[in-house]
2 protein chains.
Amino acid sequence: MRVWTGSGFAPLTGGVDPMDRGFLIGDGVFETLRLQNGALRRAEAHFKRLKSACAAFGLPAPDQATVQKTAAEMAAEAGLARAIIRLTVSRGPGPRGLDPVADPKQFILLSAAAAPEPPRSVKLHPSAIRREPSSLTARFKTLSYADNAAARREAKAAGADMALLLTGAGQVSGADAANLFWIADGALFTPSPDCAVLPGTTRAAVIALARARGVTVHEGAFAPDAMMTAQAVFITNAALGVVAVSALGGRAFDPDAILLAALRDAEEAGR
Amino acid sequence: MRVWTGSGFAPLTGGVDPMDRGFLIGDGVFETLRLQNGALRRAEAHFKRLKSACAAFGLPAPDQATVQKTAAEMAAEAGLARAIIRLTVSRGPGPRGLDPVADPKQFILLSAAAAPEPPRSVKLHPSAIRREPSSLTARFKTLSYADNAAARREAKAAGADMALLLTGAGQVSGADAANLFWIADGALFTPSPDCAVLPGTTRAAVIALARARGVTVHEGAFAPDAMMTAQAVFITNAALGVVAVSALGGRAFDPDAILLAALRDAEEAGR
């Protein structure tokens, strides 16, 4: 674990300040990137999103070049050919309560862990927790992920792998830690950004790859029933890429659908 | 700052683990209690709520007697006659990601700070961030308070003191860190629990005090317009008690309304 010193990253000693607002109230943002072949995948897209998140929070955005260099060093030191890099930007220490911190001392951490092998498929469990599109956590990767963690807990307890969440209005939003797509009648469907959807880097790549292959992509506000006629369903995130969904609740989907496999391969091959 | 050792609280050394899930994803809950005259106010109500929150999160609930004893010691050591005690129950360290932690090592902190003098009144600013009633953060005090912090930031930038938030459906929910009441035609109004309302201990006390005085209390789902005919508005939380709202957006309210003052005095006098 490395901490930003103001001019670079140094090993973190002494842990996180117990008055850190990222700890006390989830006041901060993060990014999760995959590092392979010594480089961060889709770094431009991740840092563009991070800048938006930092702007929304009034936090400093770390400099991309230094993060890339340090992340590559950390992965190499740990002997990781494929790594998941997490960049955490916390408000830093402050008094209790919600008032803005007067003279914030930024607290930025960088960690590297082995990238998981993606599962062949995942089962989704519908969560009772809904997402509010105006919430910062719906639009950015924030340190306030308690609802997503609770939905995952509920899914695991039900024998599934990930949770599916709807918006407060009852439209499909996505998985607890991934975006969601489905294939029906040769077209691709995915919830639109106004459905409490994190603007995923892998999501964007898949949409572009599909369109480049002449596949119609429908972004919209869909009722859950719209998924029930799908031939195939999949989730996307930076850590796992494209992963087939084998079942949602009691409904099974084809994890080997040809278009799904094609998109998965194309996404994996992409930079 | 003290940390739970398993058999009591000891001074925290070494900070918070950077892999603490309360830090990384806001996976935990907290309570804020006022300590005065050597005792925690409304301790039974706070610990009942904490038990519910811990149950919802699958976290261990700290033992009330030890917390009370330690909190009183901490306040005495710091020379605080009135203190705000924060009890934080985090998931503890775990790997990155949302999967449940296999063998969680609880991480429970206790802090004491001087209780603030309540302001004479506060100005509220309407936030664009809405609350989803099914969110854990709407129903419990969680470590995932980024939205409330953002709403506060927005309010302060607009020259106000606290933010007012609505539910996703556009009904009045409450302030960013307090419950909300208003007085109209001699009756008291407050959003009902299904309006993304934290079941506040001070809120409950005020409702009981009002009813004991023969004041009709309406708990319900109200459109924001319902507040506009109010003679007086106030917020409640454990740290501040009852505080008059002098203005919401462009509308002014009477911070010295007789019933408001009576409820404030009665609440302050209550245990």
# chains A, B, ... in the order shown; residues from 1 in each chain; ligands from 1

call {"tool": "residues_around", "arguments": {"residues": "range 230-236 of chain A", "least_positions_apart": "3", "cutoff": "8 Å", "atoms": "only C-alpha atoms", "output": "JSON list (two decimals) with N, CA and C atoms, in the first residue's frame"}}
result
[["chain", "number", "residue", "atom", "x", "y", "z"],
["A", 175, "ALA", "N", -25.61, -4.60, -11.80],
["A", 175, "ALA", "CA", -25.18, -5.50, -10.73],
["A", 175, "ALA", "C", -24.56, -4.67, -9.62],
["A", 178, "ALA", "N", -20.92, -4.09, -11.05],
["A", 178, "ALA", "CA", -20.68, -4.24, -12.48],
["A", 178, "ALA", "C", -21.87, -3.67, -13.25],
["A", 179, "ASN", "N", -21.61, -3.34, -14.52],
["A", 179, "ASN", "CA", -22.70, -2.94, -15.40],
["A", 179, "ASN", "C", -23.34, -4.20, -15.98],
["A", 180, "LEU", "N", -24.52, -4.04, -16.55],
["A", 180, "LEU", "CA", -25.32, -5.17, -17.00],
["A", 180, "LEU", "C", -25.76, -5.00, -18.44],
["A", 181, "PHE", "N", -25.68, -6.08, -19.23],
["A", 181, "PHE", "CA", -26.16, -6.09, -20.61],
["A", 181, "PHE", "C", -26.99, -7.34, -20.83],
["A", 182, "TRP", "N", -27.88, -7.28, -21.83],
["A", 182, "TRP", "CA", -28.50, -8.52, -22.28],
["A", 182, "TRP", "C", -28.69, -8.46, -23.79],
["A", 183, "ILE", "N", -28.77, -9.67, -24.34],
["A", 183, "ILE", "CA", -28.89, -9.85, -25.79],
["A", 183, "ILE", "C", -30.28, -10.42, -26.08],
["A", 184, "ALA", "N", -31.00, -9.75, -26.95],
["A", 184, "ALA", "CA", -32.31, -10.25, -27.36],
["A", 184, "ALA", "C", -32.49, -9.94, -28.84],
["A", 185, "ASP", "N", -32.90, -10.94, -29.60],
["A", 185, "ASP", "CA", -33.13, -10.74, -31.03],
["A", 185, "ASP", "C", -31.94, -10.09, -31.72],
["A", 200, "GLY", "N", -19.29, 2.82, -16.72],
["A", 200, "GLY", "CA", -18.18, 1.88, -16.70],
["A", 200, "GLY", "C", -17.29, 2.00, -17.92],
["A", 202, "THR", "N", -15.50, -0.54, -19.06],
["A", 202, "THR", "CA", -15.70, -1.75, -19.83],
["A", 202, "THR", "C", -17.04, -1.67, -20.56],
["A", 203, "ARG", "N", -18.03, -1.11, -19.88],
["A", 203, "ARG", "CA", -19.35, -0.87, -20.48],
["A", 203, "ARG", "C", -19.19, -0.07, -21.78],
["A", 226, "ALA", "N", -38.15, -6.84, -19.14],
["A", 226, "ALA", "CA", -37.49, -6.74, -20.45],
["A", 226, "ALA", "C", -36.34, -7.73, -20.57],
["A", 227, "MET", "N", -35.75, -8.08, -19.43],
["A", 227, "MET", "CA", -34.61, -9.01, -19.46],
["A", 227, "MET", "C", -35.08, -10.45, -19.64],
["A", 240, "LEU", "N", -12.95, -7.85, -14.11],
["A", 240, "LEU", "CA", -13.31, -9.15, -14.68],
["A", 240, "LEU", "C", -13.53, -9.11, -16.20],
["A", 241, "GLY", "N", -13.74, -7.95, -16.77],
["A", 241, "GLY", "CA", -14.06, -7.88, -18.19],
["A", 241, "GLY", "C", -15.53, -8.21, -18.41],
["A", 242, "VAL", "N", -15.81, -9.09, -19.36],
["A", 242, "VAL", "CA", -17.17, -9.52, -19.67],
["A", 242, "VAL", "C", -17.38, -10.91, -19.08],
["A", 243, "VAL", "N", -18.41, -11.06, -18.25],
["A", 243, "VAL", "CA", -18.69, -12.36, -17.66],
["A", 243, "VAL", "C", -20.16, -12.70, -17.87],
["A", 244, "ALA", "N", -20.41, -13.88, -18.40],
["A", 244, "ALA", "CA", -21.78, -14.33, -18.66],
["A", 244, "ALA", "C", -22.56, -14.50, -17.37],
["A", 245, "VAL", "N", -23.86, -14.19, -17.45],
["A", 245, "VAL", "CA", -24.77, -14.46, -16.34],
["A", 245, "VAL", "C", -25.53, -15.72, -16.69],
["A", 246, "SER", "N", -25.44, -16.73, -15.84],
["A", 246, "SER", "CA", -26.09, -18.00, -16.13],
["A", 246, "SER", "C", -27.54, -18.03, -15.65],
["A", 253, "PHE", "N", -30.03, -18.38, -18.38],
["A", 253, "PHE", "CA", -29.62, -17.79, -19.65],
["A", 253, "PHE", "C", -28.46, -18.60, -20.21],
["A", 254, "ASP", "N", -28.22, -18.47, -21.52],
["A", 254, "ASP", "CA", -27.17, -19.23, -22.18],
["A", 254, "ASP", "C", -25.82, -18.54, -21.98],
["A", 255, "PRO", "N", -24.94, -19.12, -21.16],
["A", 255, "PRO", "CA", -23.64, -18.48, -20.93],
["A", 255, "PRO", "C", -22.69, -18.61, -22.11],
["A", 257, "ALA", "N", -23.68, -18.09, -25.39],
["A", 257, "ALA", "CA", -24.26, -17.45, -26.58],
["A", 257, "ALA", "C", -23.14, -16.88, -27.43],
["A", 260, "LEU", "N", -22.26, -13.16, -27.15],
["A", 260, "LEU", "CA", -21.64, -12.89, -25.85],
["A", 260, "LEU", "C", -20.16, -13.28, -25.89]]

call {"tool": "interface_residues", "arguments": {"of": "chain B", "to": "chain A", "cutoff": "9 Å", "atoms": "only C-alpha atoms", "output": "MDAnalysis selection string"}}
result
chainID B and resid 1 12:18 20:28 30 56:57 86 88 95:100 109 113 128:137 142:150 152:153 156 161:162 167:169 176:177

call {"tool": "select_by_dssp", "arguments": {"residues": "range 78-190 of chain A", "states": "helix (DSSP H, G or I)", "output": "list in words"}}
result
Leu136, Thr137, Ala138, Arg139, Ala146, Asp147, Asn148, Ala149, Ala150, Ala151, Arg152, Arg153, Glu154, Ala155, Lys156 and Ala157 of chain A

call {"tool": "atom_distance", "arguments": {"atom1": "CA of Phe47 in chain B", "atom2": "CA of Pro193 in chain B"}}
result
18.4 Å

call {"tool": "closest_residue", "arguments": {"among": "A:Ala252, A:Arg264, A:Thr5, A:Asp103", "to": "Val122 in chain A", "atoms": "only C-alpha atoms"}}
result
A:Ala252

call {"tool": "residues_around", "arguments": {"residues": "Ala76 in chain B", "least_positions_apart": "6", "cutoff": "10 Å", "atoms": "only C-alpha atoms", "output": "PDB file with N, CA and C atoms, in the first residue's frame"}}
result
ATOM      1  N   GLY B  38     -22.215  12.847  33.251  1.00  0.00           N
ATOM      2  CA  GLY B  38     -21.613  11.524  33.395  1.00  0.00           C
ATOM      3  C   GLY B  38     -22.386  10.373  32.786  1.00  0.00           C
ATOM      4  N   THR B  70     -16.885   3.337  29.565  1.00  0.00           N
ATOM      5  CA  THR B  70     -15.691   3.866  28.906  1.00  0.00           C
ATOM      6  C   THR B  70     -15.916   5.286  28.422  1.00  0.00           C
ATOM      7  N   ARG B  82     -19.908  18.134  28.837  1.00  0.00           N
ATOM      8  CA  ARG B  82     -20.828  17.706  27.767  1.00  0.00           C
ATOM      9  C   ARG B  82     -19.968  17.213  26.615  1.00  0.00           C
ATOM     10  N   ALA B  83     -20.218  15.997  26.198  1.00  0.00           N
ATOM     11  CA  ALA B  83     -19.390  15.405  25.150  1.00  0.00           C
ATOM     12  C   ALA B  83     -20.257  14.722  24.100  1.00  0.00           C
ATOM     13  N   ALA B 112     -14.531  10.606  21.871  1.00  0.00           N
ATOM     14  CA  ALA B 112     -15.241  11.636  22.640  1.00  0.00           C
ATOM     15  C   ALA B 112     -14.743  12.991  22.195  1.00  0.00           C
TER      16      ALA B 112
END

call {"tool": "residues_around", "arguments": {"residues": "Ala39 in chain B", "least_positions_apart": "6", "cutoff": "12 Å", "atoms": "only C-alpha atoms", "output": "PDB file with C-alpha atoms, in the first residue's frame"}}
result
ATOM      1  CA  LEU B  33     -24.656  10.015  21.566  1.00  0.00           C
ATOM      2  CA  GLN B  64     -23.884  -1.151  26.250  1.00  0.00           C
ATOM      3  CA  ALA B  65     -22.573  -1.182  29.817  1.00  0.00           C
ATOM      4  CA  VAL B  67     -19.490   1.553  26.222  1.00  0.00           C
ATOM      5  CA  GLN B  68     -21.238   3.719  28.813  1.00  0.00           C
ATOM      6  CA  LYS B  69     -18.507   3.210  31.378  1.00  0.00           C
ATOM      7  CA  THR B  70     -15.691   3.866  28.906  1.00  0.00           C
ATOM      8  CA  ALA B  71     -17.401   6.895  27.402  1.00  0.00           C
ATOM      9  CA  ALA B  72     -17.840   8.446  30.829  1.00  0.00           C
ATOM     10  CA  GLU B  73     -14.154   7.824  31.601  1.00  0.00           C
ATOM     11  CA  MET B  74     -13.050   9.349  28.317  1.00  0.00           C
ATOM     12  CA  ALA B  75     -15.158  12.458  28.830  1.00  0.00           C
ATOM     13  CA  ALA B  76     -13.878  12.857  32.378  1.00  0.00           C
ATOM     14  CA  LEU B  80     -15.667  17.464  29.093  1.00  0.00           C
ATOM     15  CA  ALA B  81     -18.872  18.085  31.005  1.00  0.00           C
ATOM     16  CA  ARG B  82     -20.828  17.706  27.767  1.00  0.00           C
ATOM     17  CA  ALA B  83     -19.390  15.405  25.150  1.00  0.00           C
ATOM     18  CA  ILE B  84     -20.361  13.861  21.840  1.00  0.00           C
ATOM     19  CA  ILE B  85     -19.539  10.183  21.879  1.00  0.00           C
ATOM     20  CA  ARG B 271     -33.108  12.449  30.091  1.00  0.00           C
TER      21      ARG B 271
END

call {"tool": "select_by_dssp", "arguments": {"residues": "range 8-239 of chain B", "states": "strand (DSSP E or B)", "output": "PyMOL selection string"}}
result
chain B and resi 9-11+16+20+28-36+39-40+82-90+93+107-114+121-126+131+142+162-167+172-175+178-184+187-191+217-220+232-237

call {"tool": "atom_distance", "arguments": {"atom1": "CA of Ala266 in chain B", "atom2": "CA of Leu50 in chain B"}}
result
25.1 Å

call {"tool": "residues_around", "arguments": {"residues": "Ala204 in chain A", "least_positions_apart": "4", "cutoff": "12 Å", "atoms": "only C-alpha atoms", "output": "MDAnalysis selection string"}}
result
chainID A and resid 42 45:46 49 179:181 190 192:193 197:200 208:211 217 219 236:238 241:242 267 270

call {"tool": "atom_distance", "arguments": {"atom1": "CA of Arg91 in chain A", "atom2": "CA of Ala55 in chain A"}}
result
12.4 Å
